[in-house]
Amino acid sequence: MIELRDLTKSYVTPKGRHYVFKELNVTLPENKSVAILGKNGAGKSTLLRIIGGIDFADSGKVVTNKSISWPVALSGGFQGSLTARQNVRFVARLYLSNEDEVDQVIAFVESFADIGKYFDMPIKSYSSGMRSRISFGLSMAFNFDYYLLDEAGAVGDANFRKKSQALLDELKQQSNIIMVSHDLNDLTRNCDVAFLMRNGQAEFFEDIAEAIEVYKAYATNNK
Amino acid sequence: MDEQTSSLKGLPRLKPRGGLQVMYAAVRALFLRELQTRFGQFRLGYLWILLEPALHIGFLLLLFGRIGHTIPGMDFEVFLVNGIIPFFLFRTIVSQSLGAVQANQGLFSYRPVKPIDTLIARSFLELFLYFIAYLFFSAVLLWFGYKISFEAIPTLLGYWVLLFILSFSLSLVFMVIGSISKELNKFIPMLFLILYFLSAVIYTIHLVPVEYQQYLLWNPVIHLLESIRHTVAPNYPLVQGISLTYVIEWIIGSLFLGLLLYKRFEQRMVKSK
């Protein structure tokens, strides 16, 4: 269970305080995947990161006993001068205390990413596609209760996308996802409930289809 | 895809861990990563652990070794090694902490990593590097026939530990200050230059007239440097007023303030603004 209590988040801008959401109170139901809808800049990623416990609201708190991943396919934590193997080892060491298990994770990411000899070259020499293969594979290597996907579907070639969707489907049997995407089909396919972010508020919908209807109407009206 | 399925099944499962376990794992991973980042990609690799401070200190020795030989009861080279290396340890740990939060922002996306972990890992790394350099230089000096006393090794190590804790405590304070105000980052490094001259690193406090020594002794670093020198050369006299109690008071004060500030501002350092 993830409970959001009285969450308020705002940014100070030169034109005054801008609220992302105010006094948000929601209890996310068990075993449901969550979509976050909204236009660019509505604060979708911010909400995602706050739920994940790696960003913080101004007031209120997130109460949970679930394990939550970092945003999948995030590569900001990678050190460019180190190889993928070294970076993967670093992240695995953060979450696992046993070196044998760390090696298992490395072996898994190496075979999933399938980038051959590049796996032992500095990450800064990678193309963005290669980088996301590594970071996607790395996120999938742990059994989190929730995975955060921040427009993660949009990367890689067709083959890799198929591969990651298959992996995601498999993960969804045990885990849930919290997902930000502009691809509405993708959201309907993967999620059950939804947040719609607009006008400095976040609304919660028990049914994703309803949220998408409201969002479509809102988006056309505001063109 | 079946192959993928089976490999996913064989993966290790996350277990619930206690806070200290998580912190230990984070500090350890950060320490090892930092070591790789700093030296891994160079030719000669880990030899740079010795070479980097060796070049730095060797240069200073050349520069100042010719200037003065007026240290009572101690060779000037031994005096310098026992001043410059401990002072650099202090300076590096504290000044790096100013930009620590910004430099590690990407890592805070991994939930086990907290700002204080990056600080601890970095501080231990510096201690490790400078202490190796210290041993190396002491060995070189011994080889050249300089006199270094081995009478009180445990005391000497104790001073190093105190110096390390003092540096860490102050760096905690400076990490919070540095993350709140980027402007302060501009002039705090200058303070370190002043502190360098006020810490009796390249001259001896015995040169300072007695009535002014008390002002220099406000600086806790001097107390430790002088004590370290007295330990490796028992004939080197301590001036009136050198006191470990004073250093420990500083440690308690700054550690308390540092932890208090850290607890208060931890989330603010990490969150998006």
# chains A, B, ... in the order shown; residues from 1 in each chain; ligands from 1
$ closest_atom_pairs --of "chain A" --to "chain B" --cutoff "7 Å" --atoms "only C-alpha atoms" --output "Markdown table"
| residue | atom | partner | partner_atom | distance |
| --- | --- | --- | --- | --- |
| A:Tyr11 | CA | B:Lys273 | CA | 5.9 |
| A:Gly53 | CA | B:Arg111 | CA | 7.0 |
| A:Ile54 | CA | B:Ser109 | CA | 5.6 |
| A:Asp55 | CA | B:Lys271 | CA | 4.7 |
| A:Phe56 | CA | B:Lys271 | CA | 5.2 |
| A:Trp70 | CA | B:Tyr110 | CA | 5.8 |
| A:Gly76 | CA | B:Gly106 | CA | 5.1 |
| A:Gly77 | CA | B:Gly106 | CA | 4.5 |
| A:Ser81 | CA | B:Thr37 | CA | 6.8 |
| A:Leu82 | CA | B:Thr37 | CA | 6.6 |
| A:Phe90 | CA | B:Ala29 | CA | 5.6 |
| A:Arg93 | CA | B:Ala29 | CA | 5.7 |
| A:Leu94 | CA | B:Ala26 | CA | 5.1 |
| A:Ser97 | CA | B:Ala25 | CA | 6.4 |
| A:Glu101 | CA | B:Pro12 | CA | 5.7 |
| A:Gln104 | CA | B:Leu11 | CA | 6.4 |
| A:Val105 | CA | B:Leu11 | CA | 6.6 |
| A:Phe108 | CA | B:Ser7 | CA | 6.7 |
| A:Ala141 | CA | B:Leu11 | CA | 6.7 |
| A:Phe142 | CA | B:Arg13 | CA | 6.6 |
| A:Asn143 | CA | B:Arg13 | CA | 6.0 |
$ residues_around --residues "B:Phe174" --least-positions-apart "2" --cutoff "8 Å" --atoms "only C-alpha atoms" --output "number ranges by chain"
B: 94-95, 97-98, 170-172, 176-178
$ residues_around --residues "B:Ile251" --least-positions-apart "2" --cutoff "12 Å" --atoms "only C-alpha atoms" --output "PyMOL selection string"
chain B and resi 161-173+220-221+244-249+253-259
$ residues_around --residues "A:Asn185" --least-positions-apart "5" --cutoff "12 Å" --atoms "only C-alpha atoms" --output "VMD selection string"
chain A and resid 35 153 190 to 191 208 to 209 212
$ residues_around --residues "stretch 222-233 of chain B" --least-positions-apart "2" --cutoff "10 Å" --atoms "only C-alpha atoms" --output "ChimeraX atom specification"
/B:72-75,78-87,147-160,162-163,195,198-201,204-205,216-220,235-239,241-247
$ residues_around --residues "A:Thr27" --least-positions-apart "6" --cutoff "10 Å" --atoms "only C-alpha atoms" --output "PDB file with N, CA, C and O atoms, in the first residue's frame"
ATOM      1  N   MET A   1       0.829  -1.198   0.000  1.00  0.00           N
ATOM      2  CA  MET A   1       0.000   0.000   0.000  1.00  0.00           C
ATOM      3  C   MET A   1       0.866   1.252   0.000  1.00  0.00           C
ATOM      4  O   MET A   1       1.856   1.324   0.707  1.00  0.00           O
ATOM      5  N   ILE A   2       0.497   2.211  -0.821  1.00  0.00           N
ATOM      6  CA  ILE A   2       1.174   3.496  -0.806  1.00  0.00           C
ATOM      7  C   ILE A   2       0.141   4.550  -0.465  1.00  0.00           C
ATOM      8  O   ILE A   2      -0.909   4.641  -1.111  1.00  0.00           O
ATOM      9  N   GLU A   3       0.431   5.314   0.570  1.00  0.00           N
ATOM     10  CA  GLU A   3      -0.526   6.331   0.988  1.00  0.00           C
ATOM     11  C   GLU A   3       0.101   7.717   0.849  1.00  0.00           C
ATOM     12  O   GLU A   3       1.202   7.959   1.358  1.00  0.00           O
ATOM     13  N   LEU A   4      -0.586   8.593   0.153  1.00  0.00           N
ATOM     14  CA  LEU A   4      -0.110   9.970   0.023  1.00  0.00           C
ATOM     15  C   LEU A   4      -0.921  10.833   0.980  1.00  0.00           C
ATOM     16  O   LEU A   4      -2.140  10.886   0.883  1.00  0.00           O
ATOM     17  N   ARG A   5      -0.222  11.459   1.915  1.00  0.00           N
ATOM     18  CA  ARG A   5      -0.932  12.240   2.941  1.00  0.00           C
ATOM     19  C   ARG A   5      -0.644  13.722   2.797  1.00  0.00           C
ATOM     20  O   ARG A   5       0.506  14.138   2.977  1.00  0.00           O
ATOM     21  N   VAL A  62       4.694  10.585   2.175  1.00  0.00           N
ATOM     22  CA  VAL A  62       4.325   9.356   1.483  1.00  0.00           C
ATOM     23  C   VAL A  62       4.603   8.214   2.447  1.00  0.00           C
ATOM     24  O   VAL A  62       5.722   8.064   2.912  1.00  0.00           O
ATOM     25  N   VAL A  63       3.562   7.448   2.768  1.00  0.00           N
ATOM     26  CA  VAL A  63       3.736   6.342   3.704  1.00  0.00           C
ATOM     27  C   VAL A  63       3.629   5.033   2.933  1.00  0.00           C
ATOM     28  O   VAL A  63       2.634   4.803   2.251  1.00  0.00           O
ATOM     29  N   THR A  64       4.626   4.189   3.045  1.00  0.00           N
ATOM     30  CA  THR A  64       4.571   2.918   2.325  1.00  0.00           C
ATOM     31  C   THR A  64       5.515   1.897   2.942  1.00  0.00           C
ATOM     32  O   THR A  64       6.503   2.248   3.570  1.00  0.00           O
ATOM     33  N   PHE A 204      -7.363  11.896  -8.753  1.00  0.00           N
ATOM     34  CA  PHE A 204      -7.176  10.454  -8.799  1.00  0.00           C
ATOM     35  C   PHE A 204      -8.419   9.782  -9.365  1.00  0.00           C
ATOM     36  O   PHE A 204      -9.546  10.108  -8.985  1.00  0.00           O
TER      37      PHE A 204
END
$ select_by_dssp --residues "stretch 4-142 of chain A" --states "alpha helix (DSSP H)" --output "count of residues only"
48
$ residues_around --residues "B:Phe128" --least-positions-apart "5" --cutoff "10 Å" --atoms "only C-alpha atoms" --output "list in words"
Ile49, Leu89, Arg122, Ser123, Ala133 and Tyr134 of chain B
$ select_by_dssp --residues "stretch 53-143 of chain A" --states "strand (DSSP E)" --output "list in words"
Ser59, Gly60, Lys61, Val62, Val63, Thr64, Ile68, Ser69, Trp70, Pro71 and Val72 of chain A
$ write_last_selection --atoms "all heavy atoms" --output "PDB file, in the first residue's frame"
ATOM      1  N   SER A  59       5.215  19.806   1.944  1.00  0.00           N
ATOM      2  CA  SER A  59       4.630  19.328   3.189  1.00  0.00           C
ATOM      3  C   SER A  59       3.867  18.053   2.894  1.00  0.00           C
ATOM      4  O   SER A  59       3.578  17.742   1.744  1.00  0.00           O
ATOM      5  CB  SER A  59       3.692  20.392   3.773  1.00  0.00           C
ATOM      6  OG  SER A  59       2.666  20.654   2.843  1.00  0.00           O
ATOM      7  N   GLY A  60       3.535  17.326   3.950  1.00  0.00           N
ATOM      8  CA  GLY A  60       2.870  16.045   3.773  1.00  0.00           C
ATOM      9  C   GLY A  60       3.887  14.946   3.568  1.00  0.00           C
ATOM     10  O   GLY A  60       5.073  15.210   3.456  1.00  0.00           O
ATOM     11  N   LYS A  61       3.393  13.700   3.553  1.00  0.00           N
ATOM     12  CA  LYS A  61       4.355  12.630   3.359  1.00  0.00           C
ATOM     13  C   LYS A  61       3.783  11.422   2.619  1.00  0.00           C
ATOM     14  O   LYS A  61       2.558  11.296   2.471  1.00  0.00           O
ATOM     15  CB  LYS A  61       4.958  12.203   4.686  1.00  0.00           C
ATOM     16  CG  LYS A  61       3.965  11.751   5.709  1.00  0.00           C
ATOM     17  CD  LYS A  61       4.713  11.414   6.996  1.00  0.00           C
ATOM     18  CE  LYS A  61       3.756  11.070   8.113  1.00  0.00           C
ATOM     19  NZ  LYS A  61       4.473  10.792   9.355  1.00  0.00           N
ATOM     20  N   VAL A  62       4.694  10.585   2.175  1.00  0.00           N
ATOM     21  CA  VAL A  62       4.325   9.356   1.483  1.00  0.00           C
ATOM     22  C   VAL A  62       4.603   8.214   2.447  1.00  0.00           C
ATOM     23  O   VAL A  62       5.722   8.064   2.912  1.00  0.00           O
ATOM     24  CB  VAL A  62       5.164   9.174   0.207  1.00  0.00           C
ATOM     25  CG1 VAL A  62       4.806   7.866  -0.478  1.00  0.00           C
ATOM     26  CG2 VAL A  62       4.961  10.344  -0.735  1.00  0.00           C
ATOM     27  N   VAL A  63       3.562   7.448   2.768  1.00  0.00           N
ATOM     28  CA  VAL A  63       3.736   6.342   3.704  1.00  0.00           C
ATOM     29  C   VAL A  63       3.629   5.033   2.933  1.00  0.00           C
ATOM     30  O   VAL A  63       2.634   4.803   2.251  1.00  0.00           O
ATOM     31  CB  VAL A  63       2.657   6.372   4.807  1.00  0.00           C
ATOM     32  CG1 VAL A  63       2.933   5.300   5.848  1.00  0.00           C
ATOM     33  CG2 VAL A  63       2.601   7.738   5.448  1.00  0.00           C
ATOM     34  N   THR A  64       4.626   4.189   3.045  1.00  0.00           N
ATOM     35  CA  THR A  64       4.571   2.918   2.325  1.00  0.00           C
ATOM     36  C   THR A  64       5.515   1.897   2.942  1.00  0.00           C
ATOM     37  O   THR A  64       6.503   2.248   3.570  1.00  0.00           O
ATOM     38  CB  THR A  64       4.943   3.103   0.839  1.00  0.00           C
ATOM     39  OG1 THR A  64       4.883   1.832   0.203  1.00  0.00           O
ATOM     40  CG2 THR A  64       6.333   3.668   0.675  1.00  0.00           C
ATOM     41  N   ILE A  68      10.278   0.428  -3.902  1.00  0.00           N
ATOM     42  CA  ILE A  68       9.993   1.165  -5.130  1.00  0.00           C
ATOM     43  C   ILE A  68      11.305   1.407  -5.871  1.00  0.00           C
ATOM     44  O   ILE A  68      12.303   1.777  -5.258  1.00  0.00           O
ATOM     45  CB  ILE A  68       9.310   2.515  -4.808  1.00  0.00           C
ATOM     46  CG1 ILE A  68       8.057   2.265  -3.953  1.00  0.00           C
ATOM     47  CG2 ILE A  68       8.939   3.245  -6.082  1.00  0.00           C
ATOM     48  CD1 ILE A  68       7.362   3.519  -3.512  1.00  0.00           C
ATOM     49  N   SER A  69      11.279   1.199  -7.177  1.00  0.00           N
ATOM     50  CA  SER A  69      12.512   1.327  -7.947  1.00  0.00           C
ATOM     51  C   SER A  69      12.873   2.792  -8.159  1.00  0.00           C
ATOM     52  O   SER A  69      12.099   3.680  -7.837  1.00  0.00           O
ATOM     53  CB  SER A  69      12.355   0.652  -9.303  1.00  0.00           C
ATOM     54  OG  SER A  69      11.635   1.497 -10.181  1.00  0.00           O
ATOM     55  N   TRP A  70      14.054   3.034  -8.692  1.00  0.00           N
ATOM     56  CA  TRP A  70      14.356   4.361  -9.220  1.00  0.00           C
ATOM     57  C   TRP A  70      13.671   4.449 -10.583  1.00  0.00           C
ATOM     58  O   TRP A  70      13.229   3.424 -11.117  1.00  0.00           O
ATOM     59  CB  TRP A  70      15.868   4.547  -9.336  1.00  0.00           C
ATOM     60  CG  TRP A  70      16.534   3.575 -10.241  1.00  0.00           C
ATOM     61  CD1 TRP A  70      16.741   3.705 -11.572  1.00  0.00           C
ATOM     62  CD2 TRP A  70      17.043   2.280  -9.895  1.00  0.00           C
ATOM     63  NE1 TRP A  70      17.354   2.598 -12.078  1.00  0.00           N
ATOM     64  CE2 TRP A  70      17.551   1.700 -11.078  1.00  0.00           C
ATOM     65  CE3 TRP A  70      17.122   1.553  -8.706  1.00  0.00           C
ATOM     66  CZ2 TRP A  70      18.133   0.440 -11.100  1.00  0.00           C
ATOM     67  CZ3 TRP A  70      17.703   0.297  -8.737  1.00  0.00           C
ATOM     68  CH2 TRP A  70      18.193  -0.246  -9.919  1.00  0.00           C
ATOM     69  N   PRO A  71      13.528   5.658 -11.177  1.00  0.00           N
ATOM     70  CA  PRO A  71      12.884   5.733 -12.485  1.00  0.00           C
ATOM     71  C   PRO A  71      13.611   4.840 -13.496  1.00  0.00           C
ATOM     72  O   PRO A  71      14.812   4.993 -13.717  1.00  0.00           O
ATOM     73  CB  PRO A  71      13.013   7.203 -12.858  1.00  0.00           C
ATOM     74  CG  PRO A  71      13.082   7.907 -11.566  1.00  0.00           C
ATOM     75  CD  PRO A  71      13.835   6.991 -10.651  1.00  0.00           C
ATOM     76  N   VAL A  72      12.876   3.879 -14.031  1.00  0.00           N
ATOM     77  CA  VAL A  72      13.462   2.896 -14.932  1.00  0.00           C
ATOM     78  C   VAL A  72      14.073   3.606 -16.142  1.00  0.00           C
ATOM     79  O   VAL A  72      13.532   4.598 -16.619  1.00  0.00           O
ATOM     80  CB  VAL A  72      12.370   1.907 -15.390  1.00  0.00           C
ATOM     81  CG1 VAL A  72      12.843   1.045 -16.535  1.00  0.00           C
ATOM     82  CG2 VAL A  72      11.938   1.047 -14.227  1.00  0.00           C
TER      83      VAL A  72
END
$ decode --residues "stretch 197-213 of chain A" --atoms "N, CA, C and O atoms" --output "PDB file, in the first residue's frame"
ATOM      1  N   MET A 197      -3.159  15.205 -14.003  1.00  0.00           N
ATOM      2  CA  MET A 197      -2.592  16.436 -13.463  1.00  0.00           C
ATOM      3  C   MET A 197      -2.947  17.596 -14.362  1.00  0.00           C
ATOM      4  O   MET A 197      -2.590  17.618 -15.537  1.00  0.00           O
ATOM      5  N   ARG A 198      -3.681  18.567 -13.784  1.00  0.00           N
ATOM      6  CA  ARG A 198      -4.004  19.771 -14.544  1.00  0.00           C
ATOM      7  C   ARG A 198      -4.322  20.908 -13.577  1.00  0.00           C
ATOM      8  O   ARG A 198      -4.765  20.665 -12.453  1.00  0.00           O
ATOM      9  N   ASN A 199      -4.091  22.118 -14.022  1.00  0.00           N
ATOM     10  CA  ASN A 199      -4.434  23.328 -13.270  1.00  0.00           C
ATOM     11  C   ASN A 199      -3.927  23.310 -11.826  1.00  0.00           C
ATOM     12  O   ASN A 199      -4.626  23.679 -10.900  1.00  0.00           O
ATOM     13  N   GLY A 200      -2.714  22.853 -11.634  1.00  0.00           N
ATOM     14  CA  GLY A 200      -2.160  22.874 -10.281  1.00  0.00           C
ATOM     15  C   GLY A 200      -2.818  21.898  -9.329  1.00  0.00           C
ATOM     16  O   GLY A 200      -2.791  22.073  -8.126  1.00  0.00           O
ATOM     17  N   GLN A 201      -3.441  20.853  -9.858  1.00  0.00           N
ATOM     18  CA  GLN A 201      -4.075  19.839  -9.031  1.00  0.00           C
ATOM     19  C   GLN A 201      -3.759  18.468  -9.597  1.00  0.00           C
ATOM     20  O   GLN A 201      -3.496  18.333 -10.785  1.00  0.00           O
ATOM     21  N   ALA A 202      -3.812  17.470  -8.742  1.00  0.00           N
ATOM     22  CA  ALA A 202      -3.721  16.094  -9.218  1.00  0.00           C
ATOM     23  C   ALA A 202      -5.005  15.387  -8.810  1.00  0.00           C
ATOM     24  O   ALA A 202      -5.346  15.346  -7.643  1.00  0.00           O
ATOM     25  N   GLU A 203      -5.748  14.868  -9.801  1.00  0.00           N
ATOM     26  CA  GLU A 203      -6.986  14.140  -9.483  1.00  0.00           C
ATOM     27  C   GLU A 203      -6.738  12.651  -9.628  1.00  0.00           C
ATOM     28  O   GLU A 203      -6.029  12.229 -10.532  1.00  0.00           O
ATOM     29  N   PHE A 204      -7.363  11.896  -8.753  1.00  0.00           N
ATOM     30  CA  PHE A 204      -7.176  10.454  -8.799  1.00  0.00           C
ATOM     31  C   PHE A 204      -8.419   9.782  -9.365  1.00  0.00           C
ATOM     32  O   PHE A 204      -9.546  10.108  -8.985  1.00  0.00           O
ATOM     33  N   PHE A 205      -8.236   8.852 -10.301  1.00  0.00           N
ATOM     34  CA  PHE A 205      -9.352   8.118 -10.902  1.00  0.00           C
ATOM     35  C   PHE A 205      -9.168   6.633 -10.643  1.00  0.00           C
ATOM     36  O   PHE A 205      -8.096   6.087 -10.875  1.00  0.00           O
ATOM     37  N   GLU A 206     -10.269   5.998 -10.191  1.00  0.00           N
ATOM     38  CA  GLU A 206     -10.204   4.554  -9.928  1.00  0.00           C
ATOM     39  C   GLU A 206     -10.153   3.757 -11.227  1.00  0.00           C
ATOM     40  O   GLU A 206      -9.826   2.586 -11.236  1.00  0.00           O
ATOM     41  N   ASP A 207     -10.546   4.414 -12.313  1.00  0.00           N
ATOM     42  CA  ASP A 207     -10.609   3.696 -13.583  1.00  0.00           C
ATOM     43  C   ASP A 207      -9.832   4.463 -14.648  1.00  0.00           C
ATOM     44  O   ASP A 207     -10.124   5.626 -14.912  1.00  0.00           O
ATOM     45  N   ILE A 208      -8.888   3.797 -15.264  1.00  0.00           N
ATOM     46  CA  ILE A 208      -8.012   4.474 -16.220  1.00  0.00           C
ATOM     47  C   ILE A 208      -8.786   4.984 -17.431  1.00  0.00           C
ATOM     48  O   ILE A 208      -8.506   6.067 -17.946  1.00  0.00           O
ATOM     49  N   ALA A 209      -9.803   4.216 -17.877  1.00  0.00           N
ATOM     50  CA  ALA A 209     -10.552   4.612 -19.076  1.00  0.00           C
ATOM     51  C   ALA A 209     -11.227   5.959 -18.867  1.00  0.00           C
ATOM     52  O   ALA A 209     -11.208   6.841 -19.735  1.00  0.00           O
ATOM     53  N   GLU A 210     -11.789   6.126 -17.675  1.00  0.00           N
ATOM     54  CA  GLU A 210     -12.461   7.380 -17.337  1.00  0.00           C
ATOM     55  C   GLU A 210     -11.453   8.540 -17.350  1.00  0.00           C
ATOM     56  O   GLU A 210     -11.717   9.605 -17.915  1.00  0.00           O
ATOM     57  N   ALA A 211     -10.305   8.309 -16.767  1.00  0.00           N
ATOM     58  CA  ALA A 211      -9.267   9.342 -16.722  1.00  0.00           C
ATOM     59  C   ALA A 211      -8.863   9.760 -18.124  1.00  0.00           C
ATOM     60  O   ALA A 211      -8.677  10.950 -18.406  1.00  0.00           O
ATOM     61  N   ILE A 212      -8.753   8.787 -19.003  1.00  0.00           N
ATOM     62  CA  ILE A 212      -8.324   9.100 -20.364  1.00  0.00           C
ATOM     63  C   ILE A 212      -9.392   9.902 -21.106  1.00  0.00           C
ATOM     64  O   ILE A 212      -9.080  10.851 -21.826  1.00  0.00           O
ATOM     65  N   GLU A 213     -10.665   9.564 -20.850  1.00  0.00           N
ATOM     66  CA  GLU A 213     -11.751  10.347 -21.450  1.00  0.00           C
ATOM     67  C   GLU A 213     -11.658  11.810 -21.014  1.00  0.00           C
ATOM     68  O   GLU A 213     -11.686  12.731 -21.824  1.00  0.00           O
TER      69      GLU A 213
END
